[in-house]
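Enquirer: Before anything else, here's the structure in question.
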There are 2 protein chains.
Amino acid sequence: DASFKVIDPTNYVAFTFFIGTMAMMAASAFFFFELNNTSKKWRTSVLVSGLITFIAAVHYYYMRGYNLETGESPIFFRYVDWILTVPLMCVEFYLITKKVGAKVSLLWQLIAASLVMLITGYFGEAIDPAHSWQWGLVSGIAYFYIAYLIWFGDVAKLAQTAGPSVAAANRTLAWFVLVGWAIYPVGYIVGTPGGLFGMHVNLGLNMDIIYNIGDAINKIGFGLVIYSLSRKDEVA
Amino acid sequence: DASFKVIDPTNYVAFTFFIGTMAMMAASAFFFFELNNTSKKWRTSVLVSGLITFIAAVHYYYMRGYNLETGESPIFFRYVDWILTVPLMCVEFYLITKKVGAKVSLLWQLIAASLVMLITGYFGEAIDPAHSWQWGLVSGIAYFYIAYLIWFGDVAKLAQTAGPSVAAANRTLAWFVLVGWAIYPVGYIVGTPGGLFGMHVNLGLNMDIIYNIGDAINKIGFGLVIYSLSRKDEVA
Ligand SMILES: CC1=C(/C=C/C(C)=C/C=C/C(C)=C/C=O)C(C)(C)CCC1
Ligand SMILES: CC1=C(/C=C/C(C)=C/C=C/C(C)=C/C=O)C(C)(C)CCC1
């Protein structure tokens, strides 16, 4: 950025965009540099954690500048980011269950559901907000299908058979999907005029702050669960 | 980018340029970081996969900005990109068959055919669109010659003798060449006034969206087939 804007100290949106950018960069450096220090079995998983935060770092750098210059909410870039990072999270679930027999078709199911969730969400949020609850409903169904697969479906079943550390990691990640990912529909309810399912709450919070907090938890936290699995399993 | 343009949410061309840029960057990081984790036998192949996506990442970054600023289709840069990446794909075919005796002359045949395909395509698309079908015909012949070599010619024959994982990978890559690469002539038909062989279809789709989807499939997908070959062959 050649031009420096004086930032208002109460501009919390800008604050979280700056923190988010640097946190994602640092997390990527961490995951990438730890690769050499990770057992072969888990290296690809930790690499994917790093890719998720790296993709986010680039997008946060861009969104930070975009928001500062235009004052607008960078919805467009959020979805560009999610369309890449959410399928990579599906890859993480596939990688931890692959060793005990997960098929590629399970990965495709997860990816397809996440694309439905995000594409319908984008239509409701950016293109056709007048029908935001209908789009949000389809999106929500896809979301619960993903959560179902991870909590009770094939992902859960396979993780059970993969030993205690994988089973425990899958349980933690399942909580991320159920609670951490639920932050995003809350952002949607706050940010779209129609809200979701008739709810339109004003939390007095900006949509971007909610999404930024969600991303930090879900991208960095998710990656750290995978990382800590790679350490536990090594010792065992 | 110093200036941030507010992007219309329905600008799907911009969407695919942004996603393409980041997907190519992430794919390059993936292939490059996995090198250390790849057996010596396959390391050069995985490195070439990374070079293909890395070249594309830089071009996509540029094309993304170009398209955003000018609203024009970056045909020029497409061909700059393809003239580097398609010969590198030919190198991939050479590398997987080299161990069972592929000669450098086979590599030169593939590269020569791909240069004919791309240079005549460029004339038809950018320089002499009035004769787009004649240029497209020559380009198409070169394309089918490449497909022939990979499906039935020397590449196929050598891959048969290189063991089951190389043979299977070559079959998958042959489908990429036949179906995935066929996306490009479709873009050409949609994008040039004369179309191809008398066909001029209006799919209601922008040429750049078609090319961007094609590139994601062919560059990242192709690289992942090579990557997964490097894993399968290691275990066997
Ligand atoms: C259910 C639902 C949504 C869910 C979004 C989710 C769950 C996004 C997850 C993003 C993640 C995990 C990114 C981190 O890398 C939308 C699209 C807001 C639309 C409203 C309904
Ligand atoms: C047959 C034909 C064409 C084929 C282009 C191809 C096959 C391009 C492949 C590019 C790849 C694989 C890039 C990925 O890295 C053109 C030039 C559109 C002109 C019309 C006829």
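Here, A, B, ... name the chains of the structure tokens in the order displayed, residue numbers run from 1 inside each chain, and ligands are numbered from 1 in the same displayed order.
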Please list as an MDAnalysis selection string every residue within 7 Å of A:Thr97, counting only C-alpha atoms and excluding residues in the same chain fewer than 4 positions away.
Expert: chainID A and resid 93 101:102 155 158:159
Enquirer: Might you pull out every residue within 8 Å of A:Gly223, with only C-alpha atoms counted and same-chain residues fewer than 5 positions away left off, and present them as a PyMOL selection string?
Expert: chain A and resi 46+49-50
Enquirer: Return as a ChimeraX atom specification the residues of protein, DNA or RNA that approach ligand 2 to within 7 Å, with only C-alpha atoms and all ligand atoms taken into account.
Expert: /B:52,82,85-86,117-118,121-122,136-137,139-140,143,181-182,184-185,187-188,215,218-219
Enquirer: Would you give me, as an mmCIF file with all heavy atoms, in the first residue's frame, the residues of chain A that come within 9 Å of chain B, using only C-alpha atoms?
Expert:
```cif
data_model
loop_
_atom_site.group_PDB
_atom_site.id
_atom_site.type_symbol
_atom_site.label_atom_id
_atom_site.label_comp_id
_atom_site.auth_asym_id
_atom_site.auth_seq_id
_atom_site.Cartn_x
_atom_site.Cartn_y
_atom_site.Cartn_z
ATOM 1 N N ASP A 1 0.834 -1.205 0.000
ATOM 2 C CA ASP A 1 0.000 0.000 0.000
ATOM 3 C C ASP A 1 0.864 1.248 0.000
ATOM 4 O O ASP A 1 1.579 1.513 0.960
ATOM 5 C CB ASP A 1 -0.873 0.039 1.262
ATOM 6 C CG ASP A 1 -1.883 -1.083 1.254
ATOM 7 O OD1 ASP A 1 -2.009 -1.757 0.218
ATOM 8 O OD2 ASP A 1 -2.529 -1.287 2.277
ATOM 9 N N ALA A 2 0.755 2.027 -1.047
ATOM 10 C CA ALA A 2 1.598 3.210 -1.149
ATOM 11 C C ALA A 2 1.038 4.325 -0.274
ATOM 12 O O ALA A 2 1.769 5.069 0.351
ATOM 13 C CB ALA A 2 1.676 3.676 -2.595
ATOM 14 N N SER A 3 -0.291 4.409 -0.206
ATOM 15 C CA SER A 3 -0.902 5.496 0.548
ATOM 16 C C SER A 3 -1.306 4.978 1.925
ATOM 17 O O SER A 3 -1.893 3.912 2.053
ATOM 18 C CB SER A 3 -2.150 5.981 -0.181
ATOM 19 O OG SER A 3 -3.088 4.940 -0.219
ATOM 20 N N PHE A 32 4.097 -24.488 7.928
ATOM 21 C CA PHE A 32 5.057 -24.840 6.880
ATOM 22 C C PHE A 32 6.420 -25.215 7.474
ATOM 23 O O PHE A 32 7.026 -26.196 7.069
ATOM 24 C CB PHE A 32 5.214 -23.690 5.872
ATOM 25 C CG PHE A 32 4.010 -23.502 4.971
ATOM 26 C CD1 PHE A 32 3.748 -22.266 4.384
ATOM 27 C CD2 PHE A 32 3.148 -24.548 4.688
ATOM 28 C CE1 PHE A 32 2.649 -22.092 3.542
ATOM 29 C CE2 PHE A 32 2.047 -24.382 3.857
ATOM 30 C CZ PHE A 32 1.792 -23.146 3.285
ATOM 31 N N LEU A 35 6.769 -28.689 9.000
ATOM 32 C CA LEU A 35 6.648 -29.872 8.139
ATOM 33 C C LEU A 35 7.834 -30.814 8.276
ATOM 34 O O LEU A 35 7.673 -32.022 8.414
ATOM 35 C CB LEU A 35 6.528 -29.448 6.671
ATOM 36 C CG LEU A 35 5.176 -28.901 6.245
ATOM 37 C CD1 LEU A 35 5.232 -28.465 4.802
ATOM 38 C CD2 LEU A 35 4.111 -29.969 6.434
ATOM 39 N N ASN A 36 9.016 -30.257 8.237
ATOM 40 C CA ASN A 36 10.238 -31.056 8.332
ATOM 41 C C ASN A 36 10.356 -31.789 9.642
ATOM 42 O O ASN A 36 11.147 -32.703 9.792
ATOM 43 C CB ASN A 36 11.447 -30.130 8.229
ATOM 44 C CG ASN A 36 11.999 -30.161 6.833
ATOM 45 O OD1 ASN A 36 11.907 -31.196 6.176
ATOM 46 N ND2 ASN A 36 12.536 -29.054 6.387
ATOM 47 N N LYS A 40 6.274 -38.572 8.639
ATOM 48 C CA LYS A 40 5.817 -38.725 7.255
ATOM 49 C C LYS A 40 4.313 -38.936 7.186
ATOM 50 O O LYS A 40 3.638 -38.405 6.310
ATOM 51 C CB LYS A 40 6.518 -39.953 6.657
ATOM 52 C CG LYS A 40 7.339 -39.636 5.411
ATOM 53 C CD LYS A 40 8.029 -40.880 4.891
ATOM 54 C CE LYS A 40 7.880 -40.991 3.391
ATOM 55 N NZ LYS A 40 8.507 -40.024 2.555
ATOM 56 N N ARG A 43 2.483 -35.556 7.484
ATOM 57 C CA ARG A 43 3.022 -34.360 6.856
ATOM 58 C C ARG A 43 2.017 -33.703 5.905
ATOM 59 O O ARG A 43 1.852 -32.481 5.902
ATOM 60 C CB ARG A 43 4.312 -34.706 6.102
ATOM 61 C CG ARG A 43 5.331 -33.617 6.267
ATOM 62 C CD ARG A 43 6.667 -33.994 5.687
ATOM 63 N NE ARG A 43 7.487 -34.761 6.628
ATOM 64 C CZ ARG A 43 8.697 -35.238 6.313
ATOM 65 N NH1 ARG A 43 9.193 -35.059 5.107
ATOM 66 N NH2 ARG A 43 9.395 -35.906 7.201
ATOM 67 N N THR A 44 1.332 -34.528 5.100
ATOM 68 C CA THR A 44 0.381 -33.931 4.152
ATOM 69 C C THR A 44 -0.744 -33.207 4.889
ATOM 70 O O THR A 44 -1.186 -32.135 4.475
ATOM 71 C CB THR A 44 -0.167 -35.009 3.206
ATOM 72 O OG1 THR A 44 0.937 -35.717 2.638
ATOM 73 C CG2 THR A 44 -0.981 -34.413 2.085
ATOM 74 N N LEU A 47 0.560 -29.952 6.083
ATOM 75 C CA LEU A 47 0.710 -29.085 4.907
ATOM 76 C C LEU A 47 -0.631 -28.470 4.507
ATOM 77 O O LEU A 47 -0.721 -27.263 4.228
ATOM 78 C CB LEU A 47 1.310 -29.886 3.745
ATOM 79 C CG LEU A 47 1.377 -29.221 2.366
ATOM 80 C CD1 LEU A 47 2.053 -27.866 2.420
ATOM 81 C CD2 LEU A 47 2.115 -30.125 1.383
ATOM 82 N N VAL A 48 -1.692 -29.274 4.528
ATOM 83 C CA VAL A 48 -3.009 -28.741 4.158
ATOM 84 C C VAL A 48 -3.461 -27.686 5.177
ATOM 85 O O VAL A 48 -4.039 -26.660 4.793
ATOM 86 C CB VAL A 48 -4.038 -29.879 3.986
ATOM 87 C CG1 VAL A 48 -5.442 -29.333 3.777
ATOM 88 C CG2 VAL A 48 -3.645 -30.767 2.811
ATOM 89 N N LEU A 51 -1.826 -24.658 4.050
ATOM 90 C CA LEU A 51 -2.423 -24.090 2.835
ATOM 91 C C LEU A 51 -3.675 -23.295 3.169
ATOM 92 O O LEU A 51 -3.926 -22.227 2.600
ATOM 93 C CB LEU A 51 -2.777 -25.201 1.842
ATOM 94 C CG LEU A 51 -1.612 -25.950 1.196
ATOM 95 C CD1 LEU A 51 -2.141 -27.028 0.258
ATOM 96 C CD2 LEU A 51 -0.694 -24.996 0.452
ATOM 97 N N ILE A 52 -4.470 -23.824 4.105
ATOM 98 C CA ILE A 52 -5.713 -23.136 4.477
ATOM 99 C C ILE A 52 -5.398 -21.752 5.049
ATOM 100 O O ILE A 52 -5.983 -20.745 4.635
ATOM 101 C CB ILE A 52 -6.517 -23.986 5.491
ATOM 102 C CG1 ILE A 52 -7.061 -25.247 4.797
ATOM 103 C CG2 ILE A 52 -7.651 -23.182 6.118
ATOM 104 C CD1 ILE A 52 -7.643 -26.285 5.741
ATOM 105 N N PHE A 54 -2.631 -20.097 4.644
ATOM 106 C CA PHE A 54 -1.904 -19.305 3.633
ATOM 107 C C PHE A 54 -2.888 -18.646 2.654
ATOM 108 O O PHE A 54 -2.768 -17.451 2.330
ATOM 109 C CB PHE A 54 -0.910 -20.197 2.895
ATOM 110 C CG PHE A 54 -0.252 -19.542 1.721
ATOM 111 C CD1 PHE A 54 0.649 -18.498 1.900
ATOM 112 C CD2 PHE A 54 -0.529 -19.968 0.429
ATOM 113 C CE1 PHE A 54 1.253 -17.886 0.808
ATOM 114 C CE2 PHE A 54 0.072 -19.363 -0.666
ATOM 115 C CZ PHE A 54 0.968 -18.317 -0.479
ATOM 116 N N ILE A 55 -3.844 -19.441 2.186
ATOM 117 C CA ILE A 55 -4.873 -18.877 1.298
ATOM 118 C C ILE A 55 -5.578 -17.731 2.013
ATOM 119 O O ILE A 55 -5.809 -16.659 1.446
ATOM 120 C CB ILE A 55 -5.874 -19.986 0.889
ATOM 121 C CG1 ILE A 55 -5.188 -20.988 -0.042
ATOM 122 C CG2 ILE A 55 -7.118 -19.391 0.245
ATOM 123 C CD1 ILE A 55 -6.027 -22.228 -0.339
ATOM 124 N N VAL A 58 -3.451 -14.429 2.254
ATOM 125 C CA VAL A 58 -3.467 -13.611 1.045
ATOM 126 C C VAL A 58 -4.804 -12.873 0.929
ATOM 127 O O VAL A 58 -4.848 -11.672 0.658
ATOM 128 C CB VAL A 58 -3.197 -14.473 -0.208
ATOM 129 C CG1 VAL A 58 -3.276 -13.632 -1.468
ATOM 130 C CG2 VAL A 58 -1.852 -15.166 -0.103
ATOM 131 N N HIS A 59 -5.891 -13.596 1.176
ATOM 132 C CA HIS A 59 -7.189 -12.940 1.054
ATOM 133 C C HIS A 59 -7.400 -11.885 2.141
ATOM 134 O O HIS A 59 -8.001 -10.847 1.892
ATOM 135 C CB HIS A 59 -8.314 -13.979 1.110
ATOM 136 C CG HIS A 59 -8.380 -14.809 -0.131
ATOM 137 N ND1 HIS A 59 -8.559 -16.173 -0.111
ATOM 138 C CD2 HIS A 59 -8.259 -14.476 -1.441
ATOM 139 C CE1 HIS A 59 -8.569 -16.628 -1.363
ATOM 140 N NE2 HIS A 59 -8.381 -15.632 -2.181
ATOM 141 N N TYR A 62 -5.661 -8.757 1.236
ATOM 142 C CA TYR A 62 -6.437 -8.031 0.234
ATOM 143 C C TYR A 62 -7.682 -7.391 0.850
ATOM 144 O O TYR A 62 -7.981 -6.218 0.614
ATOM 145 C CB TYR A 62 -6.829 -8.991 -0.893
ATOM 146 C CG TYR A 62 -7.286 -8.273 -2.130
ATOM 147 C CD1 TYR A 62 -6.372 -7.877 -3.101
ATOM 148 C CD2 TYR A 62 -8.625 -7.973 -2.331
ATOM 149 C CE1 TYR A 62 -6.780 -7.206 -4.232
ATOM 150 C CE2 TYR A 62 -9.044 -7.307 -3.465
ATOM 151 C CZ TYR A 62 -8.118 -6.921 -4.410
ATOM 152 O OH TYR A 62 -8.536 -6.246 -5.530
ATOM 153 N N GLY A 65 -7.003 -4.228 2.923
ATOM 154 C CA GLY A 65 -6.832 -3.025 2.112
ATOM 155 C C GLY A 65 -8.133 -2.572 1.479
ATOM 156 O O GLY A 65 -8.449 -1.376 1.459
ATOM 157 N N TYR A 66 -8.877 -3.532 0.986
ATOM 158 C CA TYR A 66 -10.145 -3.228 0.328
ATOM 159 C C TYR A 66 -11.097 -2.527 1.289
ATOM 160 O O TYR A 66 -11.701 -1.503 0.973
ATOM 161 C CB TYR A 66 -10.752 -4.542 -0.158
ATOM 162 C CG TYR A 66 -12.086 -4.435 -0.851
ATOM 163 C CD1 TYR A 66 -12.155 -4.314 -2.227
ATOM 164 C CD2 TYR A 66 -13.274 -4.491 -0.128
ATOM 165 C CE1 TYR A 66 -13.371 -4.244 -2.876
ATOM 166 C CE2 TYR A 66 -14.497 -4.417 -0.758
ATOM 167 C CZ TYR A 66 -14.545 -4.290 -2.136
ATOM 168 O OH TYR A 66 -15.751 -4.224 -2.766
ATOM 169 N N GLU A 69 -9.862 1.048 2.136
ATOM 170 C CA GLU A 69 -9.985 2.029 1.051
ATOM 171 C C GLU A 69 -11.442 2.356 0.723
ATOM 172 O O GLU A 69 -11.773 3.494 0.462
ATOM 173 C CB GLU A 69 -9.311 1.497 -0.227
ATOM 174 C CG GLU A 69 -7.811 1.314 -0.119
ATOM 175 C CD GLU A 69 -7.079 2.641 0.052
ATOM 176 O OE1 GLU A 69 -7.500 3.624 -0.588
ATOM 177 O OE2 GLU A 69 -6.124 2.687 0.832
ATOM 178 N N THR A 70 -12.264 1.286 0.665
ATOM 179 C CA THR A 70 -13.622 1.512 0.178
ATOM 180 C C THR A 70 -14.641 1.625 1.300
ATOM 181 O O THR A 70 -15.760 2.094 1.075
ATOM 182 C CB THR A 70 -14.072 0.358 -0.747
ATOM 183 O OG1 THR A 70 -14.206 -0.831 0.039
ATOM 184 C CG2 THR A 70 -13.089 0.119 -1.876
ATOM 185 N N GLU A 72 -16.205 -0.705 2.354
ATOM 186 C CA GLU A 72 -17.224 -1.718 2.067
ATOM 187 C C GLU A 72 -16.855 -3.062 2.703
ATOM 188 O O GLU A 72 -15.697 -3.325 3.021
ATOM 189 C CB GLU A 72 -17.321 -1.956 0.555
ATOM 190 C CG GLU A 72 -17.584 -0.736 -0.267
ATOM 191 C CD GLU A 72 -19.065 -0.540 -0.526
ATOM 192 O OE1 GLU A 72 -19.731 -1.554 -0.791
ATOM 193 O OE2 GLU A 72 -19.536 0.603 -0.442
ATOM 194 N N PRO A 74 -16.116 -6.839 2.241
ATOM 195 C CA PRO A 74 -15.594 -7.596 1.095
ATOM 196 C C PRO A 74 -16.246 -8.971 0.938
ATOM 197 O O PRO A 74 -15.565 -9.993 0.936
ATOM 198 C CB PRO A 74 -14.109 -7.718 1.432
ATOM 199 C CG PRO A 74 -14.073 -7.734 2.925
ATOM 200 C CD PRO A 74 -15.229 -6.899 3.398
ATOM 201 N N ILE A 75 -17.570 -8.983 0.772
ATOM 202 C CA ILE A 75 -18.289 -10.258 0.677
ATOM 203 C C ILE A 75 -17.740 -11.122 -0.439
ATOM 204 O O ILE A 75 -17.559 -12.327 -0.282
ATOM 205 C CB ILE A 75 -19.786 -10.013 0.378
ATOM 206 C CG1 ILE A 75 -20.438 -9.254 1.533
ATOM 207 C CG2 ILE A 75 -20.504 -11.340 0.171
ATOM 208 C CD1 ILE A 75 -21.928 -9.150 1.362
ATOM 209 N N PHE A 76 -17.491 -10.473 -1.566
ATOM 210 C CA PHE A 76 -16.970 -11.183 -2.732
ATOM 211 C C PHE A 76 -15.745 -12.041 -2.358
ATOM 212 O O PHE A 76 -15.675 -13.224 -2.657
ATOM 213 C CB PHE A 76 -16.599 -10.129 -3.776
ATOM 214 C CG PHE A 76 -16.093 -10.660 -5.076
ATOM 215 C CD1 PHE A 76 -16.956 -10.909 -6.124
ATOM 216 C CD2 PHE A 76 -14.736 -10.886 -5.263
ATOM 217 C CE1 PHE A 76 -16.489 -11.385 -7.346
ATOM 218 C CE2 PHE A 76 -14.259 -11.363 -6.468
ATOM 219 C CZ PHE A 76 -15.127 -11.614 -7.511
ATOM 220 N N PHE A 77 -14.790 -11.419 -1.662
ATOM 221 C CA PHE A 77 -13.540 -12.115 -1.349
ATOM 222 C C PHE A 77 -13.710 -13.158 -0.265
ATOM 223 O O PHE A 77 -12.987 -14.140 -0.211
ATOM 224 C CB PHE A 77 -12.465 -11.099 -0.968
ATOM 225 C CG PHE A 77 -12.297 -10.081 -2.036
ATOM 226 C CD1 PHE A 77 -12.795 -8.801 -1.875
ATOM 227 C CD2 PHE A 77 -11.712 -10.426 -3.240
ATOM 228 C CE1 PHE A 77 -12.684 -7.875 -2.899
ATOM 229 C CE2 PHE A 77 -11.602 -9.503 -4.262
ATOM 230 C CZ PHE A 77 -12.088 -8.228 -4.088
ATOM 231 N N VAL A 80 -14.739 -16.142 -2.232
ATOM 232 C CA VAL A 80 -13.584 -16.679 -2.957
ATOM 233 C C VAL A 80 -12.738 -17.503 -1.976
ATOM 234 O O VAL A 80 -12.324 -18.625 -2.272
ATOM 235 C CB VAL A 80 -12.742 -15.534 -3.567
ATOM 236 C CG1 VAL A 80 -11.410 -16.060 -4.077
ATOM 237 C CG2 VAL A 80 -13.501 -14.841 -4.698
ATOM 238 N N ASP A 81 -12.541 -16.958 -0.805
ATOM 239 C CA ASP A 81 -11.731 -17.635 0.209
ATOM 240 C C ASP A 81 -12.385 -18.933 0.673
ATOM 241 O O ASP A 81 -11.753 -19.991 0.707
ATOM 242 C CB ASP A 81 -11.545 -16.691 1.396
ATOM 243 C CG ASP A 81 -10.676 -17.297 2.479
ATOM 244 O OD1 ASP A 81 -9.452 -17.339 2.278
ATOM 245 O OD2 ASP A 81 -11.220 -17.741 3.499
ATOM 246 N N ILE A 83 -14.618 -20.795 -0.748
ATOM 247 C CA ILE A 83 -14.771 -21.834 -1.777
ATOM 248 C C ILE A 83 -13.483 -22.639 -1.924
ATOM 249 O O ILE A 83 -13.500 -23.779 -2.363
ATOM 250 C CB ILE A 83 -15.256 -21.198 -3.103
ATOM 251 C CG1 ILE A 83 -16.783 -21.077 -3.028
ATOM 252 C CG2 ILE A 83 -14.842 -22.013 -4.319
ATOM 253 C CD1 ILE A 83 -17.420 -20.472 -4.243
ATOM 254 N N LEU A 84 -12.363 -22.051 -1.534
ATOM 255 C CA LEU A 84 -11.120 -22.814 -1.543
ATOM 256 C C LEU A 84 -10.831 -23.477 -0.203
ATOM 257 O O LEU A 84 -10.379 -24.613 -0.146
ATOM 258 C CB LEU A 84 -9.952 -21.902 -1.933
ATOM 259 C CG LEU A 84 -9.987 -21.402 -3.381
ATOM 260 C CD1 LEU A 84 -9.031 -20.236 -3.563
ATOM 261 C CD2 LEU A 84 -9.663 -22.529 -4.339
ATOM 262 N N TYR A 122 -23.888 -17.639 -1.148
ATOM 263 C CA TYR A 122 -23.470 -16.449 -1.897
ATOM 264 C C TYR A 122 -24.657 -15.801 -2.597
ATOM 265 O O TYR A 122 -24.796 -14.578 -2.596
ATOM 266 C CB TYR A 122 -22.399 -16.834 -2.915
ATOM 267 C CG TYR A 122 -21.839 -15.645 -3.667
ATOM 268 C CD1 TYR A 122 -21.041 -14.709 -3.005
ATOM 269 C CD2 TYR A 122 -22.099 -15.454 -5.010
ATOM 270 C CE1 TYR A 122 -20.525 -13.618 -3.683
ATOM 271 C CE2 TYR A 122 -21.588 -14.363 -5.693
ATOM 272 C CZ TYR A 122 -20.798 -13.452 -5.023
ATOM 273 O OH TYR A 122 -20.286 -12.366 -5.698
ATOM 274 N N ALA A 126 -25.323 -12.102 -1.586
ATOM 275 C CA ALA A 126 -24.796 -11.079 -2.489
ATOM 276 C C ALA A 126 -25.648 -10.824 -3.725
ATOM 277 O O ALA A 126 -25.683 -9.713 -4.233
ATOM 278 C CB ALA A 126 -23.375 -11.466 -2.935
ATOM 279 N N ILE A 127 -26.323 -11.843 -4.218
ATOM 280 C CA ILE A 127 -26.966 -11.669 -5.519
ATOM 281 C C ILE A 127 -28.469 -11.501 -5.401
ATOM 282 O O ILE A 127 -29.063 -10.682 -6.082
ATOM 283 C CB ILE A 127 -26.591 -12.856 -6.433
ATOM 284 C CG1 ILE A 127 -25.092 -12.797 -6.708
ATOM 285 C CG2 ILE A 127 -27.388 -12.832 -7.732
ATOM 286 C CD1 ILE A 127 -24.571 -13.877 -7.587
#
```
Enquirer: By least-squares superposition of chain B on chain A, using all C-alpha atoms in order, what RMSD in Å to one decimal is obtained?
Expert: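 The root-mean-square deviation of C-alpha positions is 0.1 Å.
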Enquirer: Could you jot down the atom CA of B:Arg171 to atom CA of B:Asp208 separation for me, Å, one decimal place?
Expert: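 Result for atom CA of B:Arg171 versus atom CA of B:Asp208: 28.3 Å, one decimal.
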